[in-house]
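Q: Take a look at target.cif, mmCIF, C-alpha atoms:
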```cif
data_entry
#
loop_
_atom_site.label_atom_id
_atom_site.label_comp_id
_atom_site.auth_asym_id
_atom_site.auth_seq_id
_atom_site.Cartn_x
_atom_site.Cartn_y
_atom_site.Cartn_z
CA MET E 178 15.20 -65.42 30.72
CA GLY E 179 17.18 -62.26 30.01
CA GLU E 180 20.65 -61.58 28.67
CA SER E 181 22.32 -62.54 31.96
CA ASN E 182 20.60 -65.92 31.71
CA ALA E 183 21.76 -66.94 28.24
CA LEU E 184 23.85 -69.93 29.37
CA ALA E 185 21.31 -71.11 31.93
CA SER E 186 18.58 -70.82 29.29
CA LEU E 187 20.57 -72.89 26.79
CA PHE E 188 21.24 -75.52 29.42
CA LEU E 189 17.56 -75.69 30.39
CA SER E 190 16.58 -76.07 26.75
CA LYS E 191 18.89 -79.08 26.36
CA LEU E 192 17.65 -80.63 29.60
CA GLU E 193 14.03 -80.20 28.51
CA GLU E 194 14.85 -81.86 25.19
CA GLN E 195 16.45 -84.81 26.99
CA THR E 196 13.49 -85.07 29.36
CA GLU E 197 11.02 -85.04 26.46
CA ARG E 198 12.93 -87.83 24.70
CA THR E 199 13.02 -89.83 27.94
CA LYS E 200 9.26 -89.48 28.40
CA HIS E 201 8.83 -90.61 24.80
CA LEU E 202 10.94 -93.72 25.44
CA ILE E 203 9.02 -94.49 28.62
CA ALA E 204 5.77 -94.43 26.66
CA LEU E 205 7.20 -97.21 24.44
CA ILE E 206 7.84 -99.64 27.32
CA PRO E 207 5.64 -102.73 27.04
CA PRO E 208 3.71 -102.70 30.36
CA ASP E 209 4.29 -106.43 30.85
CA LYS E 210 8.08 -105.93 30.72
CA LEU E 211 8.57 -103.71 33.79
CA GLU E 212 10.21 -106.57 35.71
CA TRP E 213 12.49 -107.51 32.80
CA LYS E 214 16.25 -107.09 33.02
CA PRO E 215 18.92 -108.06 30.49
CA GLN E 216 21.28 -109.77 32.95
CA PRO E 217 20.86 -111.16 36.48
CA ASP E 218 22.99 -108.38 38.01
CA SER E 219 21.42 -105.45 36.10
CA LEU E 220 18.50 -103.14 36.83
CA ARG E 221 14.98 -104.16 35.97
CA VAL E 222 13.12 -101.75 33.70
CA CYS E 223 11.05 -100.53 36.68
CA ASP E 224 14.22 -99.89 38.71
CA LEU E 225 15.71 -97.92 35.82
CA LEU E 226 12.59 -95.74 35.82
CA GLY E 227 13.05 -95.09 39.53
CA HIS E 228 16.68 -94.22 38.92
CA LEU E 229 15.75 -91.74 36.18
CA LEU E 230 13.66 -90.01 38.85
CA GLU E 231 16.74 -89.74 41.05
CA CYS E 232 18.64 -88.17 38.16
CA LEU E 233 16.03 -85.43 37.85
CA ALA E 234 15.86 -85.00 41.62
CA GLY E 235 19.58 -84.16 41.44
CA PHE E 236 18.81 -81.11 39.31
CA CYS E 237 16.19 -79.99 41.81
CA ALA E 238 18.65 -80.46 44.69
CA THR E 239 21.25 -78.34 42.88
CA LEU E 240 18.76 -75.58 42.09
CA TYR E 241 17.63 -75.65 45.73
CA ALA E 242 21.24 -75.34 46.91
CA VAL E 243 21.65 -72.22 44.79
CA ASN E 244 18.38 -70.49 45.77
CA SER E 245 17.10 -72.24 48.90
CA ALA E 246 15.27 -69.14 50.19
CA ARG E 247 13.29 -68.72 46.98
CA LEU E 248 12.79 -72.45 46.42
CA VAL E 249 12.08 -73.52 50.00
CA HIS E 250 9.23 -75.75 48.83
CA PHE E 251 11.77 -77.85 46.86
CA SER E 252 12.87 -79.38 50.17
CA GLY E 253 9.69 -81.48 50.12
CA LEU E 254 10.93 -83.23 46.99
CA ARG E 255 13.42 -85.10 49.17
CA GLU E 256 10.53 -87.06 50.65
CA LEU E 257 9.50 -88.52 47.29
CA PRO E 258 10.69 -92.04 46.50
CA VAL E 259 13.45 -92.51 43.94
CA ASN E 260 15.51 -95.56 43.01
CA HIS E 261 12.50 -97.82 43.41
CA CYS E 262 10.54 -100.10 41.12
CA CYS E 263 8.42 -97.51 39.36
CA GLY E 264 5.56 -97.98 36.93
CA ILE E 265 5.18 -96.23 33.59
CA GLU E 266 2.40 -93.89 34.73
CA GLU E 267 4.17 -92.92 37.95
CA ALA E 268 7.44 -92.29 36.10
CA SER E 269 5.71 -90.13 33.49
CA GLU E 270 3.85 -88.07 36.09
CA ARG E 271 6.89 -87.62 38.31
CA ILE E 272 9.11 -86.63 35.39
CA ARG E 273 6.52 -84.03 34.42
CA ASP E 274 6.47 -82.74 38.03
CA TYR E 275 10.26 -82.64 38.28
CA GLY E 276 10.29 -80.79 34.96
CA LEU E 277 7.98 -78.12 36.37
CA HIS E 278 10.20 -77.72 39.43
CA ILE E 279 13.32 -77.56 37.27
CA LYS E 280 11.76 -74.88 35.07
CA GLU E 281 10.83 -72.92 38.20
CA GLY E 282 14.36 -73.30 39.57
CA PHE E 283 15.91 -72.10 36.33
CA ALA E 284 13.60 -69.07 36.37
CA VAL E 285 15.51 -67.80 39.42
CA LEU E 286 18.93 -68.98 38.21
CA ASN E 287 21.18 -66.64 36.31
CA ASP E 288 24.54 -67.09 34.65
CA ALA E 289 26.32 -65.48 37.60
CA HIS E 290 25.26 -68.48 39.72
CA LEU E 291 26.98 -71.00 37.42
CA PRO E 292 30.56 -70.65 38.75
CA ARG E 293 29.35 -70.49 42.37
CA ARG E 294 30.33 -73.51 44.47
CA VAL E 295 27.68 -75.57 46.22
CA PRO E 296 28.24 -78.62 48.43
CA THR E 297 27.16 -81.95 46.99
CA VAL E 298 26.79 -85.47 48.33
CA PHE E 299 30.01 -86.31 46.47
CA VAL E 300 32.08 -83.17 47.19
CA ALA E 301 31.32 -81.66 50.60
CA GLU E 302 33.56 -78.63 50.00
CA GLY E 303 31.51 -77.88 46.89
CA GLU E 304 31.70 -77.77 43.14
CA ALA E 305 30.69 -75.13 40.63
CA VAL E 306 26.97 -75.18 39.88
CA MET E 307 27.71 -75.62 36.16
CA THR E 308 29.94 -78.60 36.90
CA VAL E 309 27.23 -80.21 39.02
CA MET E 310 24.59 -79.52 36.36
CA LEU E 311 26.76 -80.96 33.58
CA GLY E 312 27.45 -84.07 35.69
CA ASN E 313 23.74 -84.48 36.36
CA LEU E 314 22.97 -84.07 32.66
CA GLU E 315 25.57 -86.67 31.72
CA HIS E 316 24.12 -89.06 34.29
CA PHE E 317 20.56 -88.52 33.03
CA ILE E 318 21.53 -88.94 29.36
CA ASN E 319 23.46 -92.14 30.12
CA HIS E 320 20.38 -93.67 31.75
CA LYS E 321 18.13 -92.40 28.94
CA TYR E 322 20.38 -94.36 26.57
CA GLN E 323 20.20 -97.37 28.90
CA LEU E 324 16.41 -97.28 28.56
CA PHE E 325 16.77 -96.99 24.76
CA PHE E 326 19.09 -100.02 24.76
CA TYR E 327 16.68 -102.01 26.97
CA LEU E 328 13.89 -101.24 24.51
CA LYS E 329 16.09 -102.48 21.64
CA LEU E 330 16.77 -105.71 23.54
CA LEU E 331 13.03 -106.11 24.15
CA GLY E 332 12.40 -105.93 20.41
CA VAL E 333 10.75 -102.50 20.47
CA GLY E 334 11.44 -100.84 17.11
CA VAL E 335 13.25 -97.77 18.42
CA THR E 336 15.52 -95.76 16.15
CA THR E 337 17.79 -92.75 16.37
CA SER E 338 14.78 -90.44 16.09
CA ASP E 339 13.43 -91.91 19.35
CA LEU E 340 16.69 -91.14 21.11
CA TYR E 341 17.46 -87.70 19.72
CA LYS E 342 15.49 -84.66 18.64
CA LEU E 343 16.29 -84.48 14.95
CA THR E 344 15.66 -81.18 13.21
#
```
Can you dump the structure from the file as structure tokens?
A:
Amino acid sequence: MGESNALASLFLSKLEEQTERTKHLIALIPPDKLEWKPQPDSLRVCDLLGHLLECLAGFCATLYAVNSARLVHFSGLRELPVNHCCGIEEASERIRDYGLHIKEGFAVLNDAHLPRRVPTVFVAEGEAVMTVMLGNLEHFINHKYQLFFYLKLLGVGVTTSDLYKLT
């Protein structure tokens, strides 16, 4: 990414860090606990994995909205299931695939796109791309922490270094 992509590049770097930490946490899930949930009205672990997929799909949808002509093949991502009971292997593979699409989408994104307004499912008249991306990142990080907390409740010995990239 060149000079005109400095902000987009920084954003992508943070998103990739968050995705890597999420994949790490997923690898720590005890396979026999996918149906577990902390309260009767909360998500099961497998449902949380499916929701994390939806979070990443949101980035792909935003990138598609910005560059639909160049990312026409992204439209097929809409057909993939999200918000479903998802296994560890499926979640890991799909997160890797979404990551590849996101990297491709950021390769054709530049900083001049960030203030551009795109329609969303929440705001039909549109919001700035950067605003949508930041909202998606917040959503993804919140559910990454939810997975971390679930692991704590399950007795998995996770620590701050599992949640954050410490340098």
Q: When you count only C-alpha atoms, which of these residues is closest to Phe317 of chain E: E:Gln195, E:Ser186, E:Ser181, E:Gln216?
A: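 Once distances to Phe317 of chain E are computed over only C-alpha atoms, the minimum belongs to E:Gln195.
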Q: How would you write, as a count of residues only, the residues chosen by the PyMOL selection byres ((chain E and resi 318-329) around 9) on this structure?
A: 31
Q: As AutoDock Vina command-line options, please: the centre and edge lengths in Å, to one decimal, of an axis-aligned box enclosing every listed atom of segment 284-291 of chain E with 3 Å added on each side.
A:
```
--center_x 20.3 --center_y -68.2 --center_z 37.2 --size_x 19.4 --size_y 11.5 --size_z 11.1
```
Q: Show me, as a list in words, the residues that have an atom within 9 Å of Leu211 of chain E when counting all atoms listed in the file, minus same-chain residues fewer than 4 positions from it.
A: Ile206, Pro207, Arg221, Val222, Cys223, Asp224, Cys262, Cys263, Gly264 and Ile265 of chain E
Q: Got a sec: who's within 8 Å of segment 233-235 of chain E, counting all atoms listed in the file, leaving out chain neighbours fewer than 5 positions off, as a ChimeraX atom specification?
A: /E:254-255,272,275-276,313,317
Q: Return the single residue from E:Arg294, E:Arg273, E:Lys191, E:His278 that is closest to Leu248 of chain E, with distances computed using only C-alpha atoms.
A: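 Checking each of E:Arg294, E:Arg273, E:Lys191, E:His278 against Leu248 of chain E, counting only C-alpha atoms, the winner is E:His278.
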Q: What's the separation between atom CA of Glu281 of chain E and atom CA of Ser338 of chain E, in Å to one decimal place?
A: 28.5 Å
Q: Could you check which of E:Lys280, E:Phe299, E:Gly312, E:Met307 is closest to Glu193 of chain E, using all atoms listed in the file?
A: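 The shortest atom-to-atom distance to Glu193 of chain E comes from E:Lys280.
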Q: Hey, can you check how far atom CA of Leu220 of chain E sits from atom CA of Val300 of chain E?
A: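 Between atom CA of Leu220 of chain E and atom CA of Val300 of chain E the gap is 26.3 Å.
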Q: Work out how far apart atom CA of Gly227 of chain E and atom CA of Val285 of chain E are and give it in Å to one decimal.
A: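 Distance between the two atoms: 27.4 Å.
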Q: Please determine, counting only C-alpha atoms, which residue among E:Val249, E:Leu286, E:Leu343, E:Val295 has the shortest atom-to-atom distance to Ala185 of chain E.
A: E:Leu286
Q: Between E:Asn287, E:Thr297, E:Thr337, E:Ser269, which one has atoms that come closest to Leu189 of chain E, using only C-alpha atoms?
A: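 The answer is E:Asn287, which sits nearest to Leu189 of chain E.
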Q: Choose the residue, out of E:Phe283, E:Trp213, E:Phe236, E:Phe251, that has the smallest atom-to-atom separation from Asn182 of chain E; count all atoms listed in the file.
A: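 Closest to Asn182 of chain E of all the choices is E:Phe283.
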Q: I'd like the neighbourhood of Ala242 of chain E as a PyMOL selection string, where a residue qualifies if any of its atoms comes within 12 Å (using all atoms listed in the file), though same-chain residues fewer than 2 positions away should be ignored.
A: chain E and resi 235-240+244-249+251-252+282+286+290-291+293-298+303-306+309-310
Q: Taking C-alpha atoms for each residue, export the selection above as a PDB file, in the frame of the given file.
A:
```
ATOM      1  CA  GLY E 235      19.580 -84.160  41.440  1.00  0.00           C
ATOM      2  CA  PHE E 236      18.810 -81.110  39.310  1.00  0.00           C
ATOM      3  CA  CYS E 237      16.190 -79.990  41.810  1.00  0.00           C
ATOM      4  CA  ALA E 238      18.650 -80.460  44.690  1.00  0.00           C
ATOM      5  CA  THR E 239      21.250 -78.340  42.880  1.00  0.00           C
ATOM      6  CA  LEU E 240      18.760 -75.580  42.090  1.00  0.00           C
ATOM      7  CA  ASN E 244      18.380 -70.490  45.770  1.00  0.00           C
ATOM      8  CA  SER E 245      17.100 -72.240  48.900  1.00  0.00           C
ATOM      9  CA  ALA E 246      15.270 -69.140  50.190  1.00  0.00           C
ATOM     10  CA  ARG E 247      13.290 -68.720  46.980  1.00  0.00           C
ATOM     11  CA  LEU E 248      12.790 -72.450  46.420  1.00  0.00           C
ATOM     12  CA  VAL E 249      12.080 -73.520  50.000  1.00  0.00           C
ATOM     13  CA  PHE E 251      11.770 -77.850  46.860  1.00  0.00           C
ATOM     14  CA  SER E 252      12.870 -79.380  50.170  1.00  0.00           C
ATOM     15  CA  GLY E 282      14.360 -73.300  39.570  1.00  0.00           C
ATOM     16  CA  LEU E 286      18.930 -68.980  38.210  1.00  0.00           C
ATOM     17  CA  HIS E 290      25.260 -68.480  39.720  1.00  0.00           C
ATOM     18  CA  LEU E 291      26.980 -71.000  37.420  1.00  0.00           C
ATOM     19  CA  ARG E 293      29.350 -70.490  42.370  1.00  0.00           C
ATOM     20  CA  ARG E 294      30.330 -73.510  44.470  1.00  0.00           C
ATOM     21  CA  VAL E 295      27.680 -75.570  46.220  1.00  0.00           C
ATOM     22  CA  PRO E 296      28.240 -78.620  48.430  1.00  0.00           C
ATOM     23  CA  THR E 297      27.160 -81.950  46.990  1.00  0.00           C
ATOM     24  CA  VAL E 298      26.790 -85.470  48.330  1.00  0.00           C
ATOM     25  CA  GLY E 303      31.510 -77.880  46.890  1.00  0.00           C
ATOM     26  CA  GLU E 304      31.700 -77.770  43.140  1.00  0.00           C
ATOM     27  CA  ALA E 305      30.690 -75.130  40.630  1.00  0.00           C
ATOM     28  CA  VAL E 306      26.970 -75.180  39.880  1.00  0.00           C
ATOM     29  CA  VAL E 309      27.230 -80.210  39.020  1.00  0.00           C
ATOM     30  CA  MET E 310      24.590 -79.520  36.360  1.00  0.00           C
TER      31      MET E 310
END
```
Q: Since the input lacks some atoms of segment 221-241 of chain E, please model N, CA and C atoms and print them as an mmCIF file, keeping the file's coordinate frame.
A:
```cif
data_model
loop_
_atom_site.group_PDB
_atom_site.id
_atom_site.type_symbol
_atom_site.label_atom_id
_atom_site.label_comp_id
_atom_site.auth_asym_id
_atom_site.auth_seq_id
_atom_site.Cartn_x
_atom_site.Cartn_y
_atom_site.Cartn_z
ATOM 1 N N ARG E 221 16.219 -103.878 36.687
ATOM 2 C CA ARG E 221 14.980 -104.160 35.970
ATOM 3 C C ARG E 221 14.521 -102.856 35.318
ATOM 4 N N VAL E 222 13.646 -102.949 34.344
ATOM 5 C CA VAL E 222 13.120 -101.750 33.700
ATOM 6 C C VAL E 222 12.496 -100.827 34.746
ATOM 7 N N CYS E 223 11.711 -101.363 35.662
ATOM 8 C CA CYS E 223 11.050 -100.530 36.680
ATOM 9 C C CYS E 223 12.056 -99.848 37.600
ATOM 10 N N ASP E 224 13.172 -100.508 37.886
ATOM 11 C CA ASP E 224 14.220 -99.890 38.710
ATOM 12 C C ASP E 224 14.929 -98.774 37.946
ATOM 13 N N LEU E 225 15.108 -98.963 36.648
ATOM 14 C CA LEU E 225 15.710 -97.920 35.820
ATOM 15 C C LEU E 225 14.809 -96.685 35.815
ATOM 16 N N LEU E 226 13.506 -96.881 35.756
ATOM 17 C CA LEU E 226 12.590 -95.740 35.820
ATOM 18 C C LEU E 226 12.740 -94.993 37.133
ATOM 19 N N GLY E 227 12.833 -95.723 38.228
ATOM 20 C CA GLY E 227 13.050 -95.090 39.530
ATOM 21 C C GLY E 227 14.370 -94.365 39.614
ATOM 22 N N HIS E 228 15.379 -94.885 38.910
ATOM 23 C CA HIS E 228 16.680 -94.220 38.920
ATOM 24 C C HIS E 228 16.656 -92.954 38.064
ATOM 25 N N LEU E 229 15.912 -92.956 36.984
ATOM 26 C CA LEU E 229 15.750 -91.740 36.180
ATOM 27 C C LEU E 229 15.131 -90.626 37.028
ATOM 28 N N LEU E 230 14.235 -91.005 37.944
ATOM 29 C CA LEU E 230 13.660 -90.010 38.850
ATOM 30 C C LEU E 230 14.739 -89.409 39.745
ATOM 31 N N GLU E 231 15.647 -90.257 40.217
ATOM 32 C CA GLU E 231 16.740 -89.740 41.050
ATOM 33 C C GLU E 231 17.619 -88.775 40.256
ATOM 34 N N CYS E 232 17.837 -89.075 38.995
ATOM 35 C CA CYS E 232 18.640 -88.170 38.160
ATOM 36 C C CYS E 232 18.013 -86.785 38.111
ATOM 37 N N LEU E 233 16.707 -86.720 37.910
ATOM 38 C CA LEU E 233 16.030 -85.430 37.850
ATOM 39 C C LEU E 233 15.975 -84.762 39.223
ATOM 40 N N ALA E 234 15.841 -85.560 40.263
ATOM 41 C CA ALA E 234 15.860 -85.000 41.620
ATOM 42 C C ALA E 234 17.194 -84.310 41.891
ATOM 43 N N GLY E 235 18.269 -84.792 41.278
ATOM 44 C CA GLY E 235 19.580 -84.160 41.440
ATOM 45 C C GLY E 235 19.606 -82.731 40.915
ATOM 46 N N PHE E 236 18.903 -82.481 39.817
ATOM 47 C CA PHE E 236 18.810 -81.110 39.310
ATOM 48 C C PHE E 236 18.068 -80.228 40.306
ATOM 49 N N CYS E 237 16.970 -80.760 40.833
ATOM 50 C CA CYS E 237 16.190 -79.990 41.810
ATOM 51 C C CYS E 237 17.019 -79.688 43.052
ATOM 52 N N ALA E 238 17.804 -80.663 43.508
ATOM 53 C CA ALA E 238 18.650 -80.460 44.690
ATOM 54 C C ALA E 238 19.693 -79.369 44.420
ATOM 55 N N THR E 239 20.263 -79.355 43.224
ATOM 56 C CA THR E 239 21.250 -78.340 42.880
ATOM 57 C C THR E 239 20.609 -76.956 42.824
ATOM 58 N N LEU E 240 19.460 -76.870 42.182
ATOM 59 C CA LEU E 240 18.760 -75.580 42.090
ATOM 60 C C LEU E 240 18.365 -75.088 43.476
ATOM 61 N N TYR E 241 17.959 -76.010 44.344
ATOM 62 C CA TYR E 241 17.630 -75.650 45.730
ATOM 63 C C TYR E 241 18.869 -75.126 46.464
#
```
